[in-house]
2 protein chains.
Amino acid sequence: MAVEDNTLTPLLPVPGVRLAAVRAGIKQTQRADLVLMELSETAVTAAVFTRNAFCAAPVLLAKEHLQRSDRKVRYLLINAGNANAGTGVTGLEDASRTTRAVAEIAGCEAESVLPFSTGVIGEALPVDKIEAALPEAYRALDATAWPDAAAGIMTTDTRPKGCSRTFVIDDQEYVITGIAKGAGMVRPNMATMLAYVATDMAVEQTLLQGILDEAIENSFNRITVDGDTSTNDACVLVATGVADAKPLTAEQTPQVEAFRQVVEEICLQLAQSLVRDGEGASKFVTVSVNGGLEERECLDVAYTIAHSPLVKTALFASDPNWGRLLAAIGRSGVNDLDVDLIDLYLNDVLIAAKGARAPHYSEEQGIAAMAAEDITIRVELNRGEHAASVWTTDLSYDYVKINAEYRT
Amino acid sequence: MAVEDNTLTPLLPVPGVRLAAVRAGIKQTQRADLVLMELSETAVTAAVFTRNAFCAAPVLLAKEHLQRSDRKVRYLLINAGNANAGTGVTGLEDASRTTRAVAEIAGCEAESVLPFSTGVIGEALPVDKIEAALPEAYRALDATAWPDAAAGIMTTDTRPKGCSRTFVIDDQEYVITGIAKGAGMVRPNMATMLAYVATDMAVEQTLLQGILDEAIENSFNRITVDGDTSTNDACVLVATGVADAKPLTAEQTPQVEAFRQVVEEICLQLAQSLVRDGEGASKFVTVSVNGGLEERECLDVAYTIAHSPLVKTALFASDPNWGRLLAAIGRSGVNDLDVDLIDLYLNDVLIAAKGARAPHYSEEQGIAAMAAEDITIRVELNRGEHAASVWTTDLSYDYVKINAEYRT
């Protein structure tokens with residue numbers, strides 16, 4: 001089950017990036033499960049990793065390689081089917097072996113190769129299979145293989161996720177393309193969210209990292225399916241620089257802002273695609289909280305709603321159960337919350353006004369609003385100027401089924 | 001569905017308390033749904049209410065009456081089937097009318113009557129039905145009606161919950177009896193947890209409130225089914241004082257400690273009975289976290305595990321999915337958590353040692369441990385001397401079914 005997604009677009013090649021997806025047979029799959037991405041020598045790379053204290057071996061190694069190579073990254077190696085997490089020292093050595101294998105074939109340093117794994121936790125990475133498939137992957141590298149790569153990094157995703165666009169800054173046209181995987185966010189034992197975004201623009205490294213950090217805060221960090229955070233989450237932003245003679249720097253304020261906007265839009269689109277493909281999802285739900293004293297309290301309210309199993313089961317049932325929404329708002333921990341100020345909307349239908357059932361609200365209006373696949377829950381706190389939105393799904397039988405039966 | 005509960009005991013009368021349960025027809029039910037409890041004139045009452053900012057009208061009024069009557073409470077009036085929550089000013093007036101009706105029949109002040117409601121949110125309280133049933137309830141008051149009262153406060157509970165015991169302090173024997181309702185903790189629109197505990201001991205009021213606060217912190221505040229907090233939660237502790245000439249005071253340290261212990265045991269047993277009757281529950285799960293630098297971080301880890309939908313669906317599937325447990329621990333937000341120190345047990349089976357799969361652990365051991373209805377997940381942080389436990393259930397198809405279909 002998944003919510004329809006009309007946002008997927010044809011994926012444009014990005015000058016300076018070549019990709020390949022091959023079948024390594026990591027988890028008895030009949031489809032490609034190993035992806036190699038080659039970045040031009042001019043490329044600058046930014047990356048963000050999971051905050052989970054139990055992070056996987058490839059996450060630890062990728063961080064180390066980023067530092068040791070001074071962020072001069074040439075290859076990204078991504079396998080699906082095995083997360084190489086909960087594997088201790090052996091896992092680190094396994095991840096290291098795969099990067100050395102790439103380095104040998106490609107004639108580069110191992111620390112300019114970043115490893116990524118997604119799949120089952122706690123099983124040894126089948127390094128031999130990966131090594132055996134690498135020569136074919138290297139030979140197959142091609143600028144047009146973005147769709148293959150989007151499919152090759154999938155685990156339980158029901159469809160590949162990617163988006164692409166061109167943009168113009170200072171009369172120069174650039175391209176930006178991103179792919180992501182994750183059957184919703186997040187599933188620790190299919191340890192889960194991976195995203196790769198590349199542009200041919202040239203961007204100074206610290207600036208690129210800052211832009212990625214900010215974009216993630218407003219996109220991947222605003223989606224939730226079940227509140228769990230994977231051990232393997234990673235998002236990489238590459239600026240190959242092929243299109244420019246000089247890199248963008250922080251002083252070029254309007255250009256930086258324009259680029260930041262593009263990156264954030266791409267990340268948000270990818271993030272929302274993950275939610276639409278969320279485990280057992282039958283609804284795509286935007287939770288918007290306005291009128292807060294600060295952004296933090298808007299987020300607290302939004303996440304409390306988005307994580308409430310009672311709200312999520314009501315969404316699954318298309319039941320406009322506003323009592324559960326008010327109760328979630330009430331327990332969100334916001335200081336001195338005056339519930340008598342709060343208005344609550346389902347799409348454009350005012351359901352509760354000043355903290356109680358709205359006088360003109362009828363159950364039929366609520367049921368009509370709930371019938372759609374795309375639903376917006378809007379909370380007006382009416383006590384300040386700040387706002388925040390998060391995106392989530394419902395909690396369905398299929399969610400329980402997928403997660404209860406996963407290993408059987 | 002519910003987990004077997006062998007802890008329910010015959011309910012002993014408490015001198016100074018009389019009860020009645022009658023059928024008011026509040027929600028087209030064929031069983032009793034209105035409970036009246038009469039407390040002796042000597043009784044001292046302590047109470048704790050929901051922290052949800054959207055608290056129900058009866059909660060607001062009960063708090064006000066406690067204050068206005070200087071905590072001289074004579075009657076508790078509890079209805080099931082309607083929560084009188086999200087009902088605004090009308091809801092407050094409705095609750096007030098029911099307390100005035102009791103006062104008139106019983107010949108006492110309205111502020112010595114505390115109202116409690118549990119049931120559907122957002123519908124007007126049928127005050128007429130309650131008023132009509134009150135004379136019968138008053139006539140039926142009886143010291144032995146605890147089992148009827150336990151049944152009369154139920155909503156979607158599958159069985160009444162109560163426990164009772166005698167205890168001896170300074171060669172004097174006392175009795176303590178408690179009842180509670182709540183189909184698991186917590187369901188905001190069957191707004192939810194109510195508990196009433198009474199003893200014939202005499203206890204000074206401030207001391208009694210302190211003992212209740214502490215007991216709740218270690219019992220009702222340690223259980224969770226879905227992380228939601230009701231708008232109507234309330235727990236009342238009554239010391240009728242019928243058995244004593246003088247009240248217990250804070251200076252009598254050993255006696256206070258003995259009584260505190262008894263109250264905490266009763267509250268914990270009631271709380272665990274709620275979990276065993278949790279919505280869709282097929283497992284009763286103790287999550288114990290030891291070796292923390294402080295209790296707070298043990299609780300953070302325990303709740304992150306207890307609230308993780310991925311852990312809960314694995315419990316439902318009896319799947320010893322330790323990757324999900326490690327991932328939950330890792331995202332619990334504990335500062336400077338060294339995952340390489342952590343050991344993880346299912347019952348007595350060591351599953352993960354020093355942060356990775358335990359060398360001698362076999363999947364068969366985990367499956368055997370998971371097969372039981374009662375399961376303990378034990379986390380050893382190995383970094384300090386503090387510990388904490390919480391109790392929870394699994395996440396089943398039935399949980400989704402109950403909560404998705406509730407209003408249809």
# chains A, B, ... in the order shown; residues from 1 in each chain; ligands from 1
>>> interface_residues(of="chain A", to="chain B", cutoff="8 Å", atoms="only C-alpha atoms", output="mmCIF file with C-alpha atoms, in the first residue's frame")
data_model
loop_
_atom_site.group_PDB
_atom_site.id
_atom_site.type_symbol
_atom_site.label_atom_id
_atom_site.label_comp_id
_atom_site.auth_asym_id
_atom_site.auth_seq_id
_atom_site.Cartn_x
_atom_site.Cartn_y
_atom_site.Cartn_z
ATOM 1 C CA ARG A 51 22.015 10.883 15.012
ATOM 2 C CA ASN A 52 21.290 7.388 16.322
ATOM 3 C CA ALA A 53 23.999 6.429 18.824
ATOM 4 C CA PHE A 54 23.939 2.910 17.390
ATOM 5 C CA CYS A 55 25.140 3.984 13.973
ATOM 6 C CA GLY A 86 25.092 -4.220 14.881
ATOM 7 C CA THR A 87 28.105 -6.002 13.400
ATOM 8 C CA GLY A 88 30.861 -4.609 15.625
ATOM 9 C CA ILE A 121 20.567 -5.350 10.780
ATOM 10 C CA GLY A 122 22.865 -7.816 12.486
ATOM 11 C CA ARG A 187 12.642 1.358 9.917
ATOM 12 C CA PRO A 188 15.665 0.552 11.996
ATOM 13 C CA ASN A 189 16.120 -2.958 10.811
ATOM 14 C CA ASP A 226 6.595 5.916 13.069
ATOM 15 C CA GLY A 227 9.010 8.131 14.953
ATOM 16 C CA ASP A 228 11.845 5.662 14.669
ATOM 17 C CA THR A 229 15.287 6.783 13.526
ATOM 18 C CA SER A 230 17.441 4.437 11.555
ATOM 19 C CA THR A 231 21.013 3.426 12.334
ATOM 20 C CA SER A 308 -0.064 9.680 18.121
ATOM 21 C CA PRO A 309 -1.204 6.118 17.345
ATOM 22 C CA LEU A 310 -4.748 7.232 18.114
ATOM 23 C CA THR A 313 -5.549 5.004 13.404
ATOM 24 C CA ALA A 314 -8.331 7.607 13.064
ATOM 25 C CA LEU A 315 -6.677 8.819 9.850
ATOM 26 C CA PHE A 316 -6.563 5.240 8.606
ATOM 27 C CA ALA A 317 -10.292 4.957 9.330
ATOM 28 C CA ASP A 319 -12.594 9.270 10.963
ATOM 29 C CA GLY A 323 -11.123 14.649 20.285
ATOM 30 C CA ARG A 324 -7.916 12.730 19.618
ATOM 31 C CA LEU A 326 -7.231 18.060 20.862
ATOM 32 C CA ALA A 327 -5.921 15.477 23.319
ATOM 33 C CA ALA A 328 -2.645 15.196 21.390
ATOM 34 C CA ILE A 329 -2.242 18.983 21.342
ATOM 35 C CA GLY A 330 -2.984 19.067 25.057
ATOM 36 C CA ARG A 331 -0.255 16.621 25.960
ATOM 37 C CA LEU A 337 -0.813 26.481 26.598
ATOM 38 C CA ASP A 338 -4.150 28.291 26.629
ATOM 39 C CA VAL A 339 -6.450 25.759 25.011
ATOM 40 C CA GLY A 355 -10.727 24.818 22.170
ATOM 41 C CA ALA A 356 -14.135 23.175 21.747
ATOM 42 C CA ARG A 357 -16.268 21.798 18.923
ATOM 43 C CA LEU A 395 -1.304 3.735 10.961
ATOM 44 C CA SER A 396 -2.910 0.839 9.117
ATOM 45 C CA TYR A 397 -3.279 -2.913 9.377
ATOM 46 C CA VAL A 400 1.437 -3.819 11.559
ATOM 47 C CA LYS A 401 1.514 -6.605 8.996
ATOM 48 C CA ASN A 403 6.516 -4.839 10.557
ATOM 49 C CA ALA A 404 5.233 -7.911 12.356
ATOM 50 C CA GLU A 405 5.940 -10.272 9.502
ATOM 51 C CA ARG A 407 11.517 -11.417 9.350
#
>>> select_by_dssp(residues="stretch 99-334 of chain A", states="strand (DSSP E or B)", output="MDAnalysis selection string")
chainID A and resid 113:120 142 161:169 172:181 190 194:199 203 223:224 234:239 248 284:292
>>> atom_distance(atom1="atom CA of A:Glu279", atom2="atom CA of A:Thr192")
12.0 Å
>>> residues_around(residues="stretch 236-248 of chain B", least_positions_apart="3", cutoff="9 Å", atoms="only C-alpha atoms", output="PyMOL selection string")
chain B and resi 14-17+39-49+172-174+178+194-205+207-209+212+251-252+255-256+263
>>> select_by_dssp(residues="stretch 84-242 of chain A", states="alpha helix (DSSP H)", output="JSON, numbers by chain")
{"A": [88, 89, 90, 91, 92, 93, 94, 95, 96, 97, 98, 99, 100, 101, 102, 103, 104, 105, 106, 127, 128, 129, 130, 131, 132, 133, 134, 135, 136, 137, 138, 139, 140, 146, 147, 148, 149, 150, 151, 152, 205, 206, 207, 208, 209, 210, 211, 212, 213, 214, 215, 216, 217]}
>>> residues_around(residues="A:Pro135", least_positions_apart="6", cutoff="12 Å", atoms="only C-alpha atoms", output="list in words")
Ala20, Ala21, Val22, Arg23, Ala24, Leu34, Val35, Leu36, Ala101, Val102, Ala103, Glu104, Ile105, Ala106, Lys129 and Leu141 of chain A
>>> write_last_selection(atoms="C-alpha atoms", output="PDB file, in the first residue's frame")
ATOM      1  CA  ALA A  20      25.801   2.173 -12.318  1.00  0.00           C
ATOM      2  CA  ALA A  21      23.464  -0.309 -10.657  1.00  0.00           C
ATOM      3  CA  VAL A  22      24.296  -4.010 -10.790  1.00  0.00           C
ATOM      4  CA  ARG A  23      23.031  -7.239  -9.268  1.00  0.00           C
ATOM      5  CA  ALA A  24      25.352  -8.501  -6.529  1.00  0.00           C
ATOM      6  CA  LEU A  34      24.633  -2.471  -5.652  1.00  0.00           C
ATOM      7  CA  VAL A  35      25.065   1.118  -6.837  1.00  0.00           C
ATOM      8  CA  LEU A  36      28.308   2.895  -7.660  1.00  0.00           C
ATOM      9  CA  ALA A 101      38.047  -2.802  -3.595  1.00  0.00           C
ATOM     10  CA  VAL A 102      36.590   0.275  -5.297  1.00  0.00           C
ATOM     11  CA  ALA A 103      39.858   2.158  -4.862  1.00  0.00           C
ATOM     12  CA  GLU A 104      41.816  -0.657  -6.499  1.00  0.00           C
ATOM     13  CA  ILE A 105      39.584  -0.832  -9.565  1.00  0.00           C
ATOM     14  CA  ALA A 106      39.274   2.931  -9.941  1.00  0.00           C
ATOM     15  CA  LYS A 129      29.593 -10.778  -3.500  1.00  0.00           C
ATOM     16  CA  LEU A 141      29.231   3.765 -15.154  1.00  0.00           C
TER      17      LEU A 141
END
>>> residues_around(residues="A:Asn382", least_positions_apart="4", cutoff="9 Å", atoms="only C-alpha atoms", output="list in words")
Asn290, Gly291, Gly292, Leu293, Leu341, Ile342 and Asp343 of chain A
>>> atom_distance(atom1="atom CA of A:Leu77", atom2="atom CA of A:Pro160")
17.8 Å
>>> atom_distance(atom1="atom CA of A:Asp348", atom2="atom CA of A:Tyr361")
11.5 Å
